[in-house]
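**Student:** Sharing target_0.cif (mmCIF, C-alpha atoms and all ligand atoms) below.
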```
data_protein
#
loop_
_atom_site.label_atom_id
_atom_site.label_comp_id
_atom_site.auth_asym_id
_atom_site.auth_seq_id
_atom_site.Cartn_x
_atom_site.Cartn_y
_atom_site.Cartn_z
CA MET A 1 83.39 70.61 140.83
CA THR A 2 85.47 67.43 140.75
CA ASP A 3 84.04 63.98 141.55
CA THR A 4 86.15 63.93 144.69
CA ALA A 5 84.55 67.11 145.97
CA VAL A 6 81.08 65.66 145.34
CA ILE A 7 81.90 62.52 147.34
CA ALA A 8 83.38 64.58 150.18
CA GLU A 9 80.37 66.88 150.27
CA ASP A 10 77.85 64.08 150.74
CA SER A 11 79.85 62.20 153.34
CA LEU A 12 80.10 62.50 157.11
CA LEU A 13 83.74 61.53 157.14
CA TYR A 14 86.06 61.59 154.18
CA LEU A 15 89.66 60.42 154.28
CA ASP A 16 91.52 60.61 151.01
CA HIS A 17 95.10 59.42 150.44
CA VAL A 18 96.03 60.02 154.06
CA SER A 19 99.60 59.20 155.04
CA VAL A 20 101.31 59.37 158.42
CA SER A 21 104.95 58.51 159.07
CA PHE A 22 106.70 57.98 162.38
CA ASP A 23 110.47 58.24 161.94
CA GLY A 24 110.18 57.12 158.34
CA PHE A 25 107.76 54.27 159.11
CA ARG A 26 104.45 54.65 157.29
CA ALA A 27 101.71 53.91 159.82
CA LEU A 28 99.11 55.14 157.32
CA ASN A 29 99.87 54.79 153.65
CA ASN A 30 97.47 56.43 151.20
CA LEU A 31 94.48 55.51 153.31
CA SER A 32 91.10 56.42 151.80
CA LEU A 33 87.79 55.83 153.52
CA VAL A 34 84.33 57.38 153.17
CA LEU A 35 81.64 57.16 155.84
CA GLN A 36 78.10 58.13 154.89
CA PRO A 37 75.90 60.13 157.29
CA GLY A 38 74.21 57.70 159.67
CA GLU A 39 76.50 54.83 158.80
CA MET A 40 78.21 52.45 161.20
CA ARG A 41 81.50 50.98 159.96
CA ALA A 42 83.59 48.21 161.47
CA ILE A 43 87.36 48.38 161.02
CA ILE A 44 89.40 45.20 161.32
CA GLY A 45 92.99 44.29 160.59
CA PRO A 46 96.13 42.90 162.22
CA ASN A 47 97.99 44.65 165.03
CA GLY A 48 99.98 47.56 163.68
CA ALA A 49 97.71 47.99 160.64
CA GLY A 50 97.10 51.64 161.56
CA LYS A 51 93.59 51.41 163.03
CA THR A 52 94.31 53.49 166.11
CA THR A 53 96.46 55.90 164.11
CA MET A 54 93.49 56.46 161.80
CA MET A 55 91.40 57.47 164.84
CA ASP A 56 94.27 59.71 166.01
CA VAL A 57 94.18 61.49 162.65
CA ILE A 58 90.40 61.95 162.74
CA THR A 59 90.47 63.35 166.28
CA GLY A 60 93.44 65.68 165.67
CA LYS A 61 95.83 63.84 167.97
CA THR A 62 98.11 63.08 165.01
CA ARG A 63 98.63 65.30 161.98
CA PRO A 64 98.69 63.57 158.61
CA ASP A 65 101.71 64.23 156.41
CA ASP A 66 99.51 64.00 153.36
CA GLY A 67 95.92 63.66 152.26
CA ASP A 68 92.50 65.09 153.06
CA VAL A 69 90.45 64.63 156.21
CA VAL A 70 86.99 66.17 155.90
CA PHE A 71 84.10 66.02 158.37
CA ASP A 72 80.46 66.71 157.58
CA GLY A 73 81.21 67.38 153.94
CA ARG A 74 83.04 70.63 154.55
CA VAL A 75 85.19 70.86 157.69
CA ASP A 76 88.92 70.36 157.09
CA LEU A 77 89.96 68.48 160.24
CA ARG A 78 93.67 68.88 159.50
CA LYS A 79 93.43 72.51 160.54
CA LEU A 80 91.77 71.93 163.92
CA ASP A 81 93.04 70.92 167.35
CA GLU A 82 91.62 68.06 169.42
CA ALA A 83 89.27 70.23 171.48
CA SER A 84 87.75 71.90 168.41
CA ILE A 85 87.26 68.55 166.71
CA ALA A 86 85.53 67.15 169.78
CA SER A 87 83.22 70.14 169.92
CA LEU A 88 82.25 69.60 166.27
CA GLY A 89 80.63 66.37 167.45
CA ILE A 90 83.29 63.68 167.20
CA GLY A 91 83.39 61.60 170.37
CA ARG A 92 86.11 59.06 171.00
CA LYS A 93 86.12 56.04 173.24
CA PHE A 94 89.62 54.80 174.04
CA GLN A 95 90.42 51.17 174.86
CA LYS A 96 90.71 51.71 178.62
CA PRO A 97 87.64 53.10 180.37
CA THR A 98 88.27 56.45 182.05
CA VAL A 99 85.25 56.81 184.32
CA PHE A 100 85.44 58.45 187.75
CA GLU A 101 85.76 55.35 189.93
CA SER A 102 84.88 57.07 193.21
CA GLN A 103 81.62 58.50 191.82
CA THR A 104 78.33 56.73 191.25
CA VAL A 105 77.13 55.70 187.82
CA GLU A 106 74.51 58.44 187.92
CA ASP A 107 77.00 61.13 188.98
CA ASN A 108 79.39 60.12 186.22
CA LEU A 109 76.61 60.68 183.70
CA LEU A 110 75.52 63.96 185.31
CA LEU A 111 79.10 65.23 185.18
CA ALA A 112 79.18 64.44 181.48
CA LEU A 113 75.77 66.08 180.92
CA LYS A 114 77.01 69.25 182.63
CA SER A 115 80.46 69.39 181.11
CA PRO A 116 81.28 72.41 178.94
CA ARG A 117 81.01 70.37 175.79
CA SER A 118 77.46 69.32 176.52
CA PRO A 119 74.61 71.13 174.78
CA TRP A 120 72.87 71.38 178.17
CA ALA A 121 75.77 73.06 179.97
CA SER A 122 74.75 76.70 179.58
CA LEU A 123 71.05 75.97 180.05
CA ARG A 124 71.28 73.65 182.98
CA HIS A 125 69.07 75.62 185.35
CA ARG A 126 66.15 75.94 182.99
CA LEU A 127 66.48 72.53 181.45
CA SER A 128 66.97 70.39 184.51
CA GLY A 129 63.79 68.45 183.68
CA ILE A 130 65.00 67.67 180.19
CA GLU A 131 68.39 66.85 181.63
CA ARG A 132 66.74 64.38 184.00
CA ASP A 133 64.93 62.71 181.09
CA ARG A 134 68.19 62.47 179.21
CA LEU A 135 69.84 60.90 182.26
CA GLU A 136 67.13 58.23 182.47
CA GLU A 137 67.37 57.60 178.74
CA LEU A 138 71.15 57.20 178.93
CA LEU A 139 70.99 54.90 181.98
CA SER A 140 68.53 52.68 180.19
CA LEU A 141 70.47 52.70 176.92
CA ILE A 142 73.73 51.65 178.60
CA ARG A 143 71.97 48.92 180.59
CA LEU A 144 72.79 50.46 183.95
CA THR A 145 69.49 51.73 185.38
CA HIS A 146 69.64 49.07 188.10
CA ARG A 147 73.23 50.07 188.93
CA ARG A 148 72.70 53.84 188.98
CA ALA A 149 73.65 54.23 192.65
CA ALA A 150 76.67 51.94 192.46
CA LEU A 151 80.17 53.36 192.51
CA ALA A 152 81.77 53.11 189.10
CA ALA A 153 84.64 51.24 190.80
CA ASP A 154 82.21 48.41 191.60
CA LEU A 155 81.06 47.87 188.01
CA SER A 156 82.28 45.00 185.89
CA HIS A 157 84.79 45.83 183.17
CA GLY A 158 82.05 45.67 180.54
CA GLN A 159 79.74 47.93 182.54
CA LYS A 160 82.52 50.50 182.89
CA GLN A 161 82.90 50.52 179.13
CA TRP A 162 79.15 51.11 178.74
CA LEU A 163 79.25 53.90 181.29
CA GLU A 164 81.99 55.62 179.37
CA ILE A 165 79.99 55.25 176.17
CA GLY A 166 77.07 56.84 178.01
CA MET A 167 79.29 59.73 179.09
CA LEU A 168 80.34 60.27 175.49
CA LEU A 169 76.72 60.20 174.33
CA ALA A 170 75.89 62.91 176.87
CA GLN A 171 77.95 65.19 174.59
CA GLU A 172 75.58 64.32 171.71
CA PRO A 173 78.29 63.43 169.18
CA LYS A 174 77.37 63.08 165.52
CA LEU A 175 80.14 60.53 165.13
CA LEU A 176 81.30 58.09 167.78
CA LEU A 177 84.71 56.43 167.41
CA VAL A 178 85.18 53.28 169.45
CA ASP A 179 88.51 51.44 169.68
CA GLU A 180 88.33 47.74 170.68
CA PRO A 181 85.34 48.07 173.02
CA VAL A 182 84.85 44.37 173.76
CA ALA A 183 88.43 43.45 174.65
CA GLY A 184 88.26 41.79 178.07
CA MET A 185 84.47 41.51 178.08
CA THR A 186 82.52 38.32 178.77
CA ASP A 187 80.68 36.77 175.82
CA ALA A 188 77.37 38.07 177.20
CA GLU A 189 78.76 41.60 177.58
CA THR A 190 80.19 41.41 174.07
CA ALA A 191 76.81 40.49 172.60
CA GLU A 192 75.13 43.25 174.61
CA THR A 193 77.70 45.77 173.37
CA ALA A 194 76.89 44.89 169.76
CA SER A 195 73.20 45.55 170.36
CA LEU A 196 74.05 48.75 172.25
CA LEU A 197 76.04 50.06 169.28
CA VAL A 198 73.28 49.08 166.85
CA GLU A 199 70.88 51.12 169.00
CA ILE A 200 73.27 54.08 169.13
CA ASN A 201 73.63 53.91 165.36
CA LYS A 202 69.91 54.64 164.99
CA THR A 203 70.69 58.28 165.83
CA ARG A 204 74.40 58.74 165.12
CA SER A 205 77.28 57.48 163.05
CA VAL A 206 79.81 55.05 164.48
CA VAL A 207 83.27 53.80 163.55
CA VAL A 208 84.25 50.78 165.59
CA VAL A 209 87.60 48.98 165.57
CA GLU A 210 87.40 45.41 166.80
CA HIS A 211 89.11 42.04 166.51
CA ASP A 212 86.23 39.92 167.78
CA MET A 213 84.62 38.45 164.64
CA THR A 214 81.47 37.26 166.43
CA PHE A 215 80.94 40.83 167.57
CA VAL A 216 81.62 42.25 164.08
CA ARG A 217 79.12 39.77 162.64
CA ASP A 218 76.51 40.87 165.20
CA LEU A 219 76.94 44.50 164.11
CA GLY A 220 75.89 43.53 160.60
CA VAL A 221 77.59 46.50 158.93
CA LYS A 222 80.10 47.19 156.18
CA VAL A 223 83.64 46.20 157.13
CA THR A 224 86.92 47.85 156.16
CA VAL A 225 90.08 45.76 156.46
CA LEU A 226 93.25 47.73 157.11
CA HIS A 227 96.70 46.32 156.45
CA GLU A 228 100.01 48.19 156.54
CA GLY A 229 98.24 51.53 156.69
CA SER A 230 95.96 51.06 153.69
CA VAL A 231 92.57 49.57 152.89
CA LEU A 232 93.03 45.94 151.89
CA ALA A 233 89.36 45.10 151.39
CA GLU A 234 85.94 46.54 152.03
CA GLY A 235 82.40 45.19 151.99
CA SER A 236 80.17 42.85 153.95
CA LEU A 237 81.88 40.60 156.50
CA ASP A 238 81.18 37.62 154.25
CA HIS A 239 82.73 39.42 151.31
CA VAL A 240 85.95 40.38 153.10
CA SER A 241 86.16 37.01 154.90
CA ASN A 242 86.36 35.30 151.52
CA ASP A 243 89.06 37.59 150.20
CA GLN A 244 92.25 35.55 149.85
CA ARG A 245 94.50 38.46 150.87
CA VAL A 246 92.44 39.11 153.99
CA ILE A 247 92.68 35.44 154.92
CA GLU A 248 96.45 35.53 154.43
CA VAL A 249 97.23 38.63 156.46
CA TYR A 250 94.56 38.46 159.12
CA LEU A 251 91.86 35.84 159.40
CA GLY A 252 93.98 32.83 158.56
CA ARG A 253 96.67 33.37 161.18
P1 LIG B 1 96.64 49.22 165.21
O1 LIG B 1 95.76 50.09 166.05
O2 LIG B 1 96.03 48.82 163.91
O3 LIG B 1 97.14 48.02 165.96
P2 LIG B 1 98.44 51.48 165.31
O4 LIG B 1 97.73 52.54 164.58
O5 LIG B 1 98.43 51.55 166.79
O6 LIG B 1 97.94 50.06 164.81
O7 LIG B 1 99.96 51.46 164.86
C1 LIG B 1 100.36 51.41 163.51
C2 LIG B 1 101.87 51.45 163.48
O8 LIG B 1 102.34 52.75 163.80
C3 LIG B 1 102.52 50.50 164.47
O9 LIG B 1 103.66 49.94 163.87
C4 LIG B 1 102.91 51.42 165.61
O10 LIG B 1 104.04 50.92 166.30
C5 LIG B 1 103.21 52.72 164.91
N1 LIG B 1 102.90 53.89 165.74
C6 LIG B 1 101.70 54.28 166.16
N2 LIG B 1 101.75 55.42 166.86
C7 LIG B 1 103.07 55.75 166.90
C8 LIG B 1 103.80 56.85 167.49
N3 LIG B 1 103.19 57.81 168.16
N4 LIG B 1 105.14 56.85 167.32
C9 LIG B 1 105.76 55.89 166.63
N5 LIG B 1 105.14 54.85 166.04
C10 LIG B 1 103.81 54.77 166.18
MG MG B 2 95.01 49.89 168.00
#
```
Give the structure from the file, written as structure tokens.
**Tutor:**
Amino acid sequence: MTDTAVIAEDSLLYLDHVSVSFDGFRALNNLSLVLQPGEMRAIIGPNGAGKTTMMDVITGKTRPDDGDVVFDGRVDLRKLDEASIASLGIGRKFQKPTVFESQTVEDNLLLALKSPRSPWASLRHRLSGIERDRLEELLSLIRLTHRRAALAADLSHGQKQWLEIGMLLAQEPKLLLVDEPVAGMTDAETAETASLLVEINKTRSVVVVEHDMTFVRDLGVKVTVLHEGSVLAEGSLDHVSNDQRVIEVYLGR
């Protein structure tokens, strides 16, 4: 077995020399990234660096022209469609929250718990007690127990983002992908979101794209800096913050 195969086998997510072109423009250019099981990774980088495209490739929305994309050490994600990838346990949070505004917080979570992708779906009659416990656990985790009867429409922007994260967690993903979760949040909501993700990371892996450096610092995890579709630097936030190239293309602007 090659070294590459060994690395892929032990990883949760393995991207190797991934390239994506749109009309000749290389949005991803030989991008390689390895996420260990249980890891949380922060992805930073200037607008247009390819951060969202990377998530599109992982979730099957965009097909890479080149390279390997392997989940859980063995599943070739390039061969699967979006629905199959989601059912493998990859949950994705987009920038805009997509909760059901006319439903309560609790009903939004119940809908997610009962959706076909949920492990409870086919057992819902027998497991309603367990489902209830899971509902309480999720409400508490997303800081919305006191708002459970409120309409989602009446939540703050930050609370809507947390509700959507809760709905994704109802599907029990192994890997949660989160794209710019704190954009538009208050400072207090931003800090709370960091601690929410740290809590989520106790039981599942997370990849989070974010520009807010205070938030990234609060996460306290390894950082990957993307630039022009490739990895420019990787390491602790202090390490990448002191990298002259990172300062030039991103932090120093
Ligand atoms: P980021 O999320 O880091 O800001 P993106 O991944 O959204 O960057 O975009 C990377 C580059 O690819 C940008 O120049 C963007 O315009 C381009 N791009 C992304 N998706 C498409 C698409 N579907 N068609 C054409 N160009 C795209
Ligand atoms: Mg983006």
**Student:** Using only C-alpha atoms for the distances, tell me which of A:Leu141, A:Pro97, A:Val225, A:Asn201 is nearest to Val182 of chain A.
**Tutor:** A:Pro97
**Student:** Using only C-alpha atoms and all ligand atoms, pick whichever of A:Tyr250, A:Phe100, A:Phe71, A:Trp162 has the shortest atom-to-atom distance to ligand LIG 1 (chain B).
**Tutor:** A:Tyr250
**Student:** Mind checking which residues fall within 8 Å of segment 50-66 of chain A, counting all atoms listed in the file, ignoring those fewer than 2 positions away in the same chain, and posting them as a ChimeraX atom specification?
**Tutor:** /A:17-21,27-28,43-45,47-48,68-69,77-78,80-82,85-86,90,92,177,179,209,226-230
**Student:** With all atoms listed in the file as the atoms that count, which of A:Gln161, A:Ser236, A:Thr104, A:Ser156 lies nearest to Val223 of chain A?
**Tutor:**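 Result for the nearest residue to Val223 of chain A: A:Ser236.
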**Student:** Could you tell me which of A:Lys160, A:Arg204, A:Arg74, A:Arg26 comes closest to ligand LIG 1 (chain B) if we count all atoms listed in the file?
**Tutor:** A:Arg26
**Student:** Nearest residue to Gly158 of chain A out of A:Ile130, A:Ala83, A:Leu176, A:Ala188, using all atoms listed in the file?
**Tutor:**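 Counting all atoms listed in the file, the residue closest to Gly158 of chain A is A:Ala188.
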**Student:** I need the residue nearest ligand LIG 1 (chain B) from this list: A:Val231, A:Ala191, A:Ala152, A:Leu110. Use all atoms listed in the file for the distance.
**Tutor:**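 Result for the nearest residue to ligand LIG 1 (chain B): A:Val231.
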**Student:** One decimal, Å: what's the distance from atom CA of Pro173 of chain A over to atom CA of Ala149 of chain A, could you say?
**Tutor:** 25.6 Å
